[in-house]
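Scroll down for the structure; my scribbles are underneath it.
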Amino acid sequence: MMKARNAALGLLCAFVLVIGSVAATVAYLTSEASVTNTFTVGQVGIELDEQKVDEYGKAIAGANRVEANEYKLIPGQTYVKDPTVHFAAGSEASWLFVKIDNGIAGIEVEGDDAIADQIEANGWEQLAGVRGFYWKSVDKHDSDDAEDYPIFSKFAIDGNKATNEVLKESYAGKTVVVTAYAVQQAGFETAAAAWSATFGK
């Protein structure tokens, strides 16, 4: 009887050892993956300048572009003034805006040579409800050089409106001021929304 028990116990121990060794060799099915996000920083950049001219509005050959000119107003005279927005290389798609404070609007010639008409002819649209503001939608700019967006190219004084007396009494010291702005397009469905959220407050 004792031999039978010992035999049974030995058999059980052997069975446990076999089960243990099999269990030790079982491998789980596994898999692993990861995603790495690398971030760069977007930018929007502009510059604004115009051709250097003499006091009579004649372009000075070879001169660097400038941020201001001075003019002597003469009835019937046409002057070079070509403010241009330079949209920087690497800039994201943007809404461009320009503000025109035109102190000589009352003596400008009418029609195609008027500043407002030239602006619209260059593809700028009036910003609804905001006097003197215009906008343009521009795509992302990936090239190495800036992209140029002319605003207007000249102004002309109407000889019938601008007599010497009118010029001296009402227009001495008047200015035409052009200001440019840029806002990313991402997050703004319209130019009006971009303006209101940023510069329009």
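In the structure tokens, the first chain shown is A, the next is B, and so on; residue numbers restart at 1 for each chain, and ligands run from 1 in the order shown.
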
Using DSSP assignments from the backbone, pull out every residue in segment 9-153 of chain A that falls under strand (DSSP E or B) and give it to me as a PyMOL selection string. chain A and resi 46-50+53+59+66+78-80+84-87+94-102+108+125-126+133-138+147-150

Tell me, as a ChimeraX atom specification, which residues lie within 8 Å of Thr84 of chain A, counting only C-alpha atoms; anything in the same chain fewer than 3 positions away does not count. /A:48-50,148-152

So, counting only C-alpha atoms, which residue among A:Phe133, A:Ser91, A:Phe39, A:Asn102 is closest to Ala180 of chain A? A:Phe133

Name the residues in contact with Val44 of chain A at a cut-off of 9 Å, using only C-alpha atoms, excluding same-chain residues fewer than 2 positions from it; report them as JSON, numbers by chain. {"A": [42, 46, 87, 88, 89, 90, 91, 92, 93, 94, 182, 183, 184]}

Now that the selection is made, can you save its residues with C-alpha atoms as an mmCIF file, in the first residue's frame?
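Below is the file again03.cif, written as the result:
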data_model
loop_
_atom_site.group_PDB
_atom_site.id
_atom_site.type_symbol
_atom_site.label_atom_id
_atom_site.label_comp_id
_atom_site.auth_asym_id
_atom_site.auth_seq_id
_atom_site.Cartn_x
_atom_site.Cartn_y
_atom_site.Cartn_z
ATOM 1 C CA GLY A 42 4.420 79.456 -38.400
ATOM 2 C CA ILE A 46 5.166 92.083 -44.183
ATOM 3 C CA PHE A 87 4.772 89.526 -48.082
ATOM 4 C CA ALA A 88 7.714 87.754 -46.452
ATOM 5 C CA ALA A 89 9.037 84.390 -47.616
ATOM 6 C CA GLY A 90 7.754 81.545 -45.454
ATOM 7 C CA SER A 91 4.612 83.396 -44.404
ATOM 8 C CA GLU A 92 1.406 81.467 -43.806
ATOM 9 C CA ALA A 93 -1.752 82.100 -45.834
ATOM 10 C CA SER A 94 -2.968 85.496 -44.672
ATOM 11 C CA ALA A 182 -1.397 91.037 -41.970
ATOM 12 C CA VAL A 183 -3.386 88.367 -40.107
ATOM 13 C CA GLN A 184 -3.112 84.590 -40.493
#

Residue among A:Thr163, A:Thr175, A:Thr78, A:Gln185 lying closest to Ile104 of chain A, counting only C-alpha atoms: A:Thr175

Test item: residues at most 10 Å from segment 54-70 of chain A, only C-alpha atoms, excluding those fewer than 5 positions along its chain, as a ChimeraX atom specification: /A:47-49,77-83,154-156,173,175-178

What are the DSSP alpha helix (DSSP H) residues of chain A, as a PyMOL selection string? chain A and resi 2-24+115-121+164-166+191-197
